[in-house]
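Okay, so here's the structure we're looking at.
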Amino acid sequence: MNTWIAIGATALGCYAVKLAGLLVPAGALERPLVKRLAALLPVALLAALTAQQTFADGHALVLDARAAGLTAAAVALVLRAPFLLVVAAAVLVTAAVRAVGG
């Protein structure tokens with residue numbers, strides 16, 4: 001039953017945050033600082049999520065095949081590869097490192 005309470009509380013919290021966003025005056029959203037922060041926030045959140053999913057295992061930091069895949073994706077991005085090629089490189093390098101026991 002505690003799980004359903006957590007799900008309900010999370011759903012209500014998400015609704016409250018969305019409602020709060022709709023209640024913000026339009027003038028406040030037109031400020032240059034707010035526009036700049038709104039543009040950078042998704043990138044920062046995605047970078048944090050990527051780092052957490054790549055280098056964390058429970059409460060420990062790890063370097064495993066995921067780090068090698070992320071490095072391959074970064075190299076492909078620096079070389080300006082198309083997005084699908086970036087993803088394919090990350091997948092192939094991660095699978096190869098896991099196959100050899102890394």
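Labels for the structure tokens follow display order: chains A, B, ..., residues from 1 in each chain, ligands from 1.
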Worksheet item: Would you give me, as a VMD selection string, the residues in chain A that DSSP reads as alpha helix (DSSP H)?
Response: chain A and resid 2 to 23 26 to 29 32 to 55 65 to 78 83 to 99
Take the residues from that selection and put them in a file with C-alpha atoms, as an mmCIF file, in the first residue's frame.
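Everything below was put into out.cif:
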data_model
loop_
_atom_site.group_PDB
_atom_site.id
_atom_site.type_symbol
_atom_site.label_atom_id
_atom_site.label_comp_id
_atom_site.auth_asym_id
_atom_site.auth_seq_id
_atom_site.Cartn_x
_atom_site.Cartn_y
_atom_site.Cartn_z
ATOM 1 C CA ASN A 2 2.936 2.355 0.628
ATOM 2 C CA THR A 3 3.834 2.117 -3.047
ATOM 3 C CA TRP A 4 0.426 3.446 -4.076
ATOM 4 C CA ILE A 5 0.721 6.307 -1.611
ATOM 5 C CA ALA A 6 4.085 7.216 -3.159
ATOM 6 C CA ILE A 7 2.628 6.991 -6.677
ATOM 7 C CA GLY A 8 -0.325 9.181 -5.705
ATOM 8 C CA ALA A 9 1.891 11.739 -3.977
ATOM 9 C CA THR A 10 4.195 11.862 -6.994
ATOM 10 C CA ALA A 11 1.270 12.338 -9.376
ATOM 11 C CA LEU A 12 -0.140 15.159 -7.225
ATOM 12 C CA GLY A 13 3.304 16.757 -7.000
ATOM 13 C CA CYS A 14 3.742 16.651 -10.780
ATOM 14 C CA TYR A 15 0.317 18.198 -11.276
ATOM 15 C CA ALA A 16 1.098 20.940 -8.728
ATOM 16 C CA VAL A 17 4.392 21.782 -10.468
ATOM 17 C CA LYS A 18 2.653 21.959 -13.845
ATOM 18 C CA LEU A 19 -0.092 24.155 -12.394
ATOM 19 C CA ALA A 20 2.489 26.436 -10.783
ATOM 20 C CA GLY A 21 4.198 26.800 -14.169
ATOM 21 C CA LEU A 22 0.929 27.866 -15.769
ATOM 22 C CA LEU A 23 0.343 30.478 -13.069
ATOM 23 C CA ALA A 26 4.117 35.869 -18.977
ATOM 24 C CA GLY A 27 6.239 38.927 -18.203
ATOM 25 C CA ALA A 28 8.420 36.914 -15.842
ATOM 26 C CA LEU A 29 9.165 34.403 -18.590
ATOM 27 C CA PRO A 32 16.672 37.380 -20.635
ATOM 28 C CA LEU A 33 18.050 35.535 -17.601
ATOM 29 C CA VAL A 34 14.981 33.296 -17.380
ATOM 30 C CA LYS A 35 15.151 32.552 -21.112
ATOM 31 C CA ARG A 36 18.842 31.658 -20.874
ATOM 32 C CA LEU A 37 18.293 29.415 -17.853
ATOM 33 C CA ALA A 38 15.333 27.715 -19.515
ATOM 34 C CA ALA A 39 17.494 26.950 -22.542
ATOM 35 C CA LEU A 40 20.368 25.518 -20.475
ATOM 36 C CA LEU A 41 18.425 23.581 -17.848
ATOM 37 C CA PRO A 42 17.459 20.576 -20.035
ATOM 38 C CA VAL A 43 21.070 20.168 -21.159
ATOM 39 C CA ALA A 44 22.328 20.232 -17.567
ATOM 40 C CA LEU A 45 19.699 17.740 -16.430
ATOM 41 C CA LEU A 46 20.468 15.373 -19.308
ATOM 42 C CA ALA A 47 24.201 15.588 -18.604
ATOM 43 C CA ALA A 48 23.622 14.823 -14.921
ATOM 44 C CA LEU A 49 21.364 11.883 -15.764
ATOM 45 C CA THR A 50 23.905 10.524 -18.240
ATOM 46 C CA ALA A 51 26.724 10.787 -15.706
ATOM 47 C CA GLN A 52 24.644 9.141 -12.980
ATOM 48 C CA GLN A 53 23.570 6.263 -15.219
ATOM 49 C CA THR A 54 27.101 5.767 -16.568
ATOM 50 C CA PHE A 55 29.297 6.045 -13.494
ATOM 51 C CA ALA A 65 31.681 -0.872 -20.302
ATOM 52 C CA ARG A 66 29.210 2.000 -20.042
ATOM 53 C CA ALA A 67 32.068 4.470 -19.639
ATOM 54 C CA ALA A 68 33.753 3.078 -22.755
ATOM 55 C CA GLY A 69 30.501 3.463 -24.698
ATOM 56 C CA LEU A 70 30.088 7.031 -23.513
ATOM 57 C CA THR A 71 33.664 7.790 -24.544
ATOM 58 C CA ALA A 72 33.002 6.327 -28.012
ATOM 59 C CA ALA A 73 29.875 8.473 -28.324
ATOM 60 C CA ALA A 74 31.832 11.579 -27.291
ATOM 61 C CA VAL A 75 34.512 10.858 -29.902
ATOM 62 C CA ALA A 76 31.847 10.372 -32.573
ATOM 63 C CA LEU A 77 30.248 13.683 -31.577
ATOM 64 C CA VAL A 78 33.583 15.493 -31.772
ATOM 65 C CA PHE A 83 23.222 11.026 -34.332
ATOM 66 C CA LEU A 84 22.386 7.438 -35.304
ATOM 67 C CA LEU A 85 26.064 6.729 -35.863
ATOM 68 C CA VAL A 86 26.867 8.188 -32.428
ATOM 69 C CA VAL A 87 24.330 5.869 -30.801
ATOM 70 C CA ALA A 88 25.544 2.888 -32.844
ATOM 71 C CA ALA A 89 29.157 3.557 -31.851
ATOM 72 C CA ALA A 90 28.217 3.711 -28.179
ATOM 73 C CA VAL A 91 26.216 0.493 -28.402
ATOM 74 C CA LEU A 92 28.895 -1.409 -30.314
ATOM 75 C CA VAL A 93 31.756 -0.329 -28.041
ATOM 76 C CA THR A 94 29.747 -1.091 -24.892
ATOM 77 C CA ALA A 95 28.818 -4.539 -26.214
ATOM 78 C CA ALA A 96 32.398 -5.259 -27.303
ATOM 79 C CA VAL A 97 33.846 -4.292 -23.923
ATOM 80 C CA ARG A 98 31.257 -6.414 -22.106
ATOM 81 C CA ALA A 99 31.951 -9.341 -24.447
#
Range 4-102 of chain A: which residues are strand (DSSP E or B) by DSSP, as a compact mmCIF listing (two decimals) with N, CA and C atoms, in the first residue's frame?
# COMPACT_ATOMS: atom_id res chain seq x y z
N ALA A 56 27.53 5.34 -11.93
CA ALA A 56 27.04 4.96 -10.61
C ALA A 56 26.45 3.56 -10.65
N ASP A 57 26.69 2.83 -9.57
CA ASP A 57 26.08 1.51 -9.38
C ASP A 57 25.68 1.44 -7.92
N ALA A 60 28.06 3.32 -5.27
CA ALA A 60 29.48 3.28 -5.63
C ALA A 60 29.69 3.84 -7.03
N LEU A 61 30.85 4.43 -7.22
CA LEU A 61 31.26 4.88 -8.55
C LEU A 61 31.97 3.74 -9.25
